[in-house]
Amino acid sequence: MNIRILSRNSNLYSTQRLIEAAKKRHHHVEVIDPLKCDLIIEKRKPSIFYKGRMILETDAVIPRIGASVTFYGTAVVRQFEMMGVFTTTESQSLVRSRDKLRSLQVLSRARLGLPKTVFTNYSKDVGEVIDHVGGAPLIIKLLEGTQGLGVVLAETKNAAESVIEAFNGLQARVIVQEFIKEAGGADIRALVVDGHVVGAMKRQGKEGEFRSNLHRGGSATVIELTDEEETAAIKAAKAMGLGVAGVDMLQSARGPLILEVNSSPGLEGIEAATGKDIAKTIIRYIERNV
């Protein structure tokens, strides 16, 4: 097969592993920077030009679209879809996953456990917003934040009011969430491919850090999910329409609570923690569908 990986950097760990896995299974693979694609839109003949040449005979694409290039990257994925090419992440699901508020609404509609969340239109009654999530401590998240950036733990009501008012003053959209104390600064990342959990790890924030992101110095260890956690991860990926997804959740007294569903999950942490060849699993997912 001819597989094209949409990535801005061919040297990234995840991109390199996908290249290796595709080549091992005797596929032709090429990395394409989505921002260097020109999209030709015409009746019955959509096409893509990359660095001056037309992209031909593509069997599948693997989108590795960063959050900062979601708009154009999604347009490129959509163009491949119009050309009849299989994609591991559909354009509509990619857009949906990048909108934190919309994602939470989709997950709520699927009756999945979530931390109680409040979103307002720059409400002046900040105290009421805080009360809605059970008071301080609480979490404040920028809607546009990624990899733990733009996430604040407000430990007191006064601190929460100050932070929310500051974001409101900057016209920055935020969501306010309850703080799950029993999670202990840890979360679970479950990697779902084609409706199956293919690996799971527990990420623990470094001492004094409530965010467990590996980009922020957290550590990861392999974990065996409970039946409830595995079901929640699979259900969350399905609700978001994602064939490949990183589902982040907290362990709480009332069961697993979904934090986020990532449409372009990194492979380095999960492969290191589990020792599993996740890249190969993604290539096999393509083989079953093309």
# chains A, B, ... in the order shown; residues from 1 in each chain; ligands from 1

call {"tool": "residues_around", "arguments": {"residues": "Lys157 in chain A", "least_positions_apart": "6", "cutoff": "10 Å", "atoms": "only C-alpha atoms", "output": "ChimeraX atom specification"}}
result
/A:126-127,130-131,135-138,163

call {"tool": "residues_around", "arguments": {"residues": "Ile40 in chain A", "least_positions_apart": "5", "cutoff": "9 Å", "atoms": "only C-alpha atoms", "output": "ChimeraX atom specification"}}
result
/A:45-49,79

call {"tool": "select_by_dssp", "arguments": {"residues": "range 86-152 of chain A", "states": "helix (DSSP H, G or I)", "output": "ChimeraX atom specification"}}
result
/A:91-98,100-109,126-132

call {"tool": "residues_around", "arguments": {"residues": "Val193 in chain A", "least_positions_apart": "4", "cutoff": "7 Å", "atoms": "only C-alpha atoms", "output": "MDAnalysis selection string"}}
result
chainID A and resid 197:198 243:245 282

call {"tool": "write_last_selection", "arguments": {"atoms": "N, CA and C atoms", "output": "tab-separated table (two decimals), in the first residue's frame"}}
result
chain	number	residue	atom	x	y	z
A	197	VAL	N	-8.71	-1.39	23.34
A	197	VAL	CA	-7.61	-0.79	24.10
A	197	VAL	C	-6.36	-1.62	23.84
A	198	VAL	N	-5.33	-0.98	23.26
A	198	VAL	CA	-4.11	-1.71	22.88
A	198	VAL	C	-2.95	-1.40	23.82
A	243	GLY	N	-10.90	6.39	15.24
A	243	GLY	CA	-10.33	5.05	15.08
A	243	GLY	C	-9.07	4.86	15.90
A	244	VAL	N	-8.33	5.95	16.09
A	244	VAL	CA	-7.13	5.95	16.94
A	244	VAL	C	-7.29	7.10	17.93
A	245	ALA	N	-7.20	6.79	19.22
A	245	ALA	CA	-7.45	7.83	20.23
A	245	ALA	C	-6.66	7.55	21.50
A	282	ILE	N	-1.40	0.21	14.59
A	282	ILE	CA	-2.05	1.23	13.76
A	282	ILE	C	-1.94	0.85	12.28

call {"tool": "residues_around", "arguments": {"residues": "range 24-32 of chain A", "least_positions_apart": "6", "cutoff": "10 Å", "atoms": "only C-alpha atoms", "output": "ChimeraX atom specification"}}
result
/A:1-10,15-16,18,50-51,58,60-63,280,283-284,287

call {"tool": "select_by_dssp", "arguments": {"residues": "range 47-112 of chain A", "states": "strand (DSSP E)", "output": "JSON, numbers by chain"}}
result
{"A": [47, 48, 49, 50, 53, 54, 60, 61, 62, 63, 86, 87]}

call {"tool": "write_last_selection", "arguments": {"atoms": "C-alpha atoms", "output": "mmCIF file, in the first residue's frame"}}
result
data_model
loop_
_atom_site.group_PDB
_atom_site.id
_atom_site.type_symbol
_atom_site.label_atom_id
_atom_site.label_comp_id
_atom_site.auth_asym_id
_atom_site.auth_seq_id
_atom_site.Cartn_x
_atom_site.Cartn_y
_atom_site.Cartn_z
ATOM 1 C CA SER A 47 -6.684 16.757 -5.959
ATOM 2 C CA ILE A 48 -3.677 17.688 -3.827
ATOM 3 C CA PHE A 49 -0.367 19.151 -4.955
ATOM 4 C CA TYR A 50 2.636 18.811 -2.642
ATOM 5 C CA ARG A 53 3.669 17.641 -7.753
ATOM 6 C CA MET A 54 0.277 15.992 -7.720
ATOM 7 C CA ALA A 60 -4.335 5.603 3.386
ATOM 8 C CA VAL A 61 -3.280 8.630 5.402
ATOM 9 C CA ILE A 62 -2.281 8.852 9.057
ATOM 10 C CA PRO A 63 -2.964 12.389 10.307
ATOM 11 C CA PHE A 86 -8.931 5.894 4.033
ATOM 12 C CA THR A 87 -7.811 7.954 7.025
#

call {"tool": "atom_distance", "arguments": {"atom1": "CA of Ala166 in chain A", "atom2": "CA of Arg102 in chain A"}}
result
23.6 Å

call {"tool": "atom_distance", "arguments": {"atom1": "CA of Arg64 in chain A", "atom2": "CA of Ala233 in chain A"}}
result
20.6 Å

call {"tool": "closest_residue", "arguments": {"among": "A:Leu191, A:Leu250, A:Ala186, A:Leu112", "to": "Gly266 in chain A", "atoms": "only C-alpha atoms"}}
result
A:Leu191

call {"tool": "closest_residue", "arguments": {"among": "A:Val176, A:Ala190, A:Val261, A:Ala110", "to": "Glu224 in chain A", "atoms": "only C-alpha atoms"}}
result
A:Ala190

call {"tool": "closest_residue", "arguments": {"among": "A:Lys36, A:Arg96, A:Arg189, A:Arg288", "to": "Leu225 in chain A", "atoms": "only C-alpha atoms"}}
result
A:Arg189

call {"tool": "closest_residue", "arguments": {"among": "A:Ile65, A:Met201, A:Leu104, A:Leu153", "to": "Lys116 in chain A", "atoms": "only C-alpha atoms"}}
result
A:Leu104

call {"tool": "residues_around", "arguments": {"residues": "Leu35 in chain A", "least_positions_apart": "4", "cutoff": "9 Å", "atoms": "only C-alpha atoms", "output": "ChimeraX atom specification"}}
result
/A:8,69,72-73,76

call {"tool": "closest_residue", "arguments": {"among": "A:Ala22, A:Ile139, A:Tyr122, A:Val77", "to": "Asn168 in chain A", "atoms": "only C-alpha atoms"}}
result
A:Tyr122

call {"tool": "residues_around", "arguments": {"residues": "Glu182 in chain A", "least_positions_apart": "2", "cutoff": "10 Å", "atoms": "only C-alpha atoms", "output": "list in words"}}
result
Phe179, Ile180, Gly184, Gly185, Ala186, Leu250, Gln251, Ser252 and Ala253 of chain A

call {"tool": "write_last_selection", "arguments": {"atoms": "N, CA and C atoms", "output": "PDB file, in the first residue's frame"}}
result
ATOM      1  N   PHE A 179     -12.122  19.564  41.264  1.00  0.00           N
ATOM      2  CA  PHE A 179     -10.824  18.929  41.510  1.00  0.00           C
ATOM      3  C   PHE A 179     -11.072  17.556  42.124  1.00  0.00           C
ATOM      4  N   ILE A 180     -10.517  16.531  41.491  1.00  0.00           N
ATOM      5  CA  ILE A 180     -10.692  15.150  41.985  1.00  0.00           C
ATOM      6  C   ILE A 180      -9.492  14.809  42.876  1.00  0.00           C
ATOM      7  N   GLY A 184      -4.936  11.960  43.158  1.00  0.00           N
ATOM      8  CA  GLY A 184      -3.569  12.098  43.639  1.00  0.00           C
ATOM      9  C   GLY A 184      -2.566  12.597  42.608  1.00  0.00           C
ATOM     10  N   GLY A 185      -3.012  13.490  41.721  1.00  0.00           N
ATOM     11  CA  GLY A 185      -2.093  14.040  40.722  1.00  0.00           C
ATOM     12  C   GLY A 185      -1.734  13.049  39.624  1.00  0.00           C
ATOM     13  N   ALA A 186      -2.516  11.982  39.486  1.00  0.00           N
ATOM     14  CA  ALA A 186      -2.246  10.971  38.452  1.00  0.00           C
ATOM     15  C   ALA A 186      -3.451  10.845  37.536  1.00  0.00           C
ATOM     16  N   LEU A 250      -9.456  10.019  34.900  1.00  0.00           N
ATOM     17  CA  LEU A 250      -9.074  10.012  36.309  1.00  0.00           C
ATOM     18  C   LEU A 250      -9.753   8.851  37.021  1.00  0.00           C
ATOM     19  N   GLN A 251      -9.055   8.292  38.005  1.00  0.00           N
ATOM     20  CA  GLN A 251      -9.672   7.296  38.873  1.00  0.00           C
ATOM     21  C   GLN A 251     -10.310   8.039  40.041  1.00  0.00           C
ATOM     22  N   SER A 252     -11.606   7.853  40.217  1.00  0.00           N
ATOM     23  CA  SER A 252     -12.307   8.565  41.275  1.00  0.00           C
ATOM     24  C   SER A 252     -13.168   7.612  42.074  1.00  0.00           C
ATOM     25  N   ALA A 253     -13.701   8.123  43.177  1.00  0.00           N
ATOM     26  CA  ALA A 253     -14.561   7.302  44.039  1.00  0.00           C
ATOM     27  C   ALA A 253     -15.842   6.896  43.325  1.00  0.00           C
TER      28      ALA A 253
END

call {"tool": "closest_residue", "arguments": {"among": "A:Gln171, A:Ser264, A:Thr226, A:Gln204", "to": "Ala183 in chain A", "atoms": "only C-alpha atoms"}}
result
A:Gln204

call {"tool": "decode", "arguments": {"residues": "range 245-276 of chain A", "atoms": "N, CA and C atoms", "output": "compact mmCIF listing (two decimals), in the first residue's frame"}}
result
# COMPACT_ATOMS: atom_id res chain seq x y z
N ALA A 245 -7.20 6.79 19.22
CA ALA A 245 -7.45 7.83 20.23
C ALA A 245 -6.66 7.55 21.50
N GLY A 246 -6.23 8.63 22.13
CA GLY A 246 -5.66 8.55 23.47
C GLY A 246 -6.71 9.08 24.44
N VAL A 247 -7.25 8.21 25.27
CA VAL A 247 -8.31 8.61 26.20
C VAL A 247 -7.70 8.83 27.58
N ASP A 248 -7.82 10.06 28.08
CA ASP A 248 -7.28 10.41 29.39
C ASP A 248 -8.41 10.41 30.41
N MET A 249 -8.18 9.72 31.52
CA MET A 249 -9.23 9.66 32.55
C MET A 249 -8.63 9.62 33.95
N LEU A 250 -9.46 10.02 34.90
CA LEU A 250 -9.07 10.01 36.31
C LEU A 250 -9.75 8.85 37.02
N GLN A 251 -9.05 8.29 38.01
CA GLN A 251 -9.67 7.30 38.87
C GLN A 251 -10.31 8.04 40.04
N SER A 252 -11.61 7.85 40.22
CA SER A 252 -12.31 8.57 41.27
C SER A 252 -13.17 7.61 42.07
N ALA A 253 -13.70 8.12 43.18
CA ALA A 253 -14.56 7.30 44.04
C ALA A 253 -15.84 6.90 43.33
N ARG A 254 -16.22 7.63 42.27
CA ARG A 254 -17.45 7.29 41.54
C ARG A 254 -17.16 6.66 40.18
N GLY A 255 -15.95 6.11 40.03
CA GLY A 255 -15.58 5.44 38.79
C GLY A 255 -14.72 6.31 37.89
N PRO A 256 -14.37 5.81 36.70
CA PRO A 256 -13.50 6.58 35.80
C PRO A 256 -14.18 7.83 35.29
N LEU A 257 -13.44 8.94 35.28
CA LEU A 257 -13.94 10.21 34.77
C LEU A 257 -13.09 10.65 33.59
N ILE A 258 -13.71 10.83 32.43
CA ILE A 258 -12.98 11.19 31.22
C ILE A 258 -12.56 12.66 31.27
N LEU A 259 -11.28 12.90 31.05
CA LEU A 259 -10.76 14.27 31.00
C LEU A 259 -10.74 14.79 29.57
N GLU A 260 -10.24 13.95 28.65
CA GLU A 260 -10.03 14.40 27.28
C GLU A 260 -9.84 13.19 26.38
N VAL A 261 -10.16 13.36 25.11
CA VAL A 261 -9.91 12.32 24.11
C VAL A 261 -9.02 12.95 23.04
N ASN A 262 -7.79 12.44 22.94
CA ASN A 262 -6.78 13.02 22.05
C ASN A 262 -6.80 12.31 20.70
N SER A 263 -6.93 13.08 19.63
CA SER A 263 -7.02 12.48 18.29
C SER A 263 -5.66 12.24 17.65
N SER A 264 -4.59 12.75 18.28
CA SER A 264 -3.25 12.54 17.73
C SER A 264 -2.30 12.18 18.87
N PRO A 265 -2.57 11.04 19.55
CA PRO A 265 -1.79 10.70 20.75
C PRO A 265 -0.34 10.33 20.42
N GLY A 266 0.56 10.81 21.26
CA GLY A 266 1.97 10.46 21.09
C GLY A 266 2.20 8.99 21.42
N LEU A 267 3.17 8.38 20.75
CA LEU A 267 3.43 6.95 20.96
C LEU A 267 4.60 6.67 21.90
N GLU A 268 5.45 7.66 22.12
CA GLU A 268 6.69 7.41 22.87
C GLU A 268 6.41 6.95 24.30
N GLY A 269 5.57 7.69 25.03
CA GLY A 269 5.31 7.34 26.42
C GLY A 269 4.61 6.01 26.57
N ILE A 270 3.60 5.76 25.74
CA ILE A 270 2.80 4.53 25.86
C ILE A 270 3.60 3.30 25.43
N GLU A 271 4.45 3.45 24.39
CA GLU A 271 5.27 2.30 23.97
C GLU A 271 6.35 2.00 25.01
N ALA A 272 6.93 3.05 25.60
CA ALA A 272 7.97 2.84 26.62
C ALA A 272 7.38 2.20 27.87
N ALA A 273 6.20 2.64 28.27
CA ALA A 273 5.59 2.12 29.50
C ALA A 273 5.09 0.70 29.34
N THR A 274 4.51 0.39 28.17
CA THR A 274 3.87 -0.92 27.99
C THR A 274 4.77 -1.94 27.29
N GLY A 275 5.79 -1.45 26.56
CA GLY A 275 6.64 -2.35 25.78
C GLY A 275 5.93 -2.90 24.55
N LYS A 276 4.79 -2.31 24.21
CA LYS A 276 4.02 -2.79 23.06
C LYS A 276 4.32 -1.99 21.80
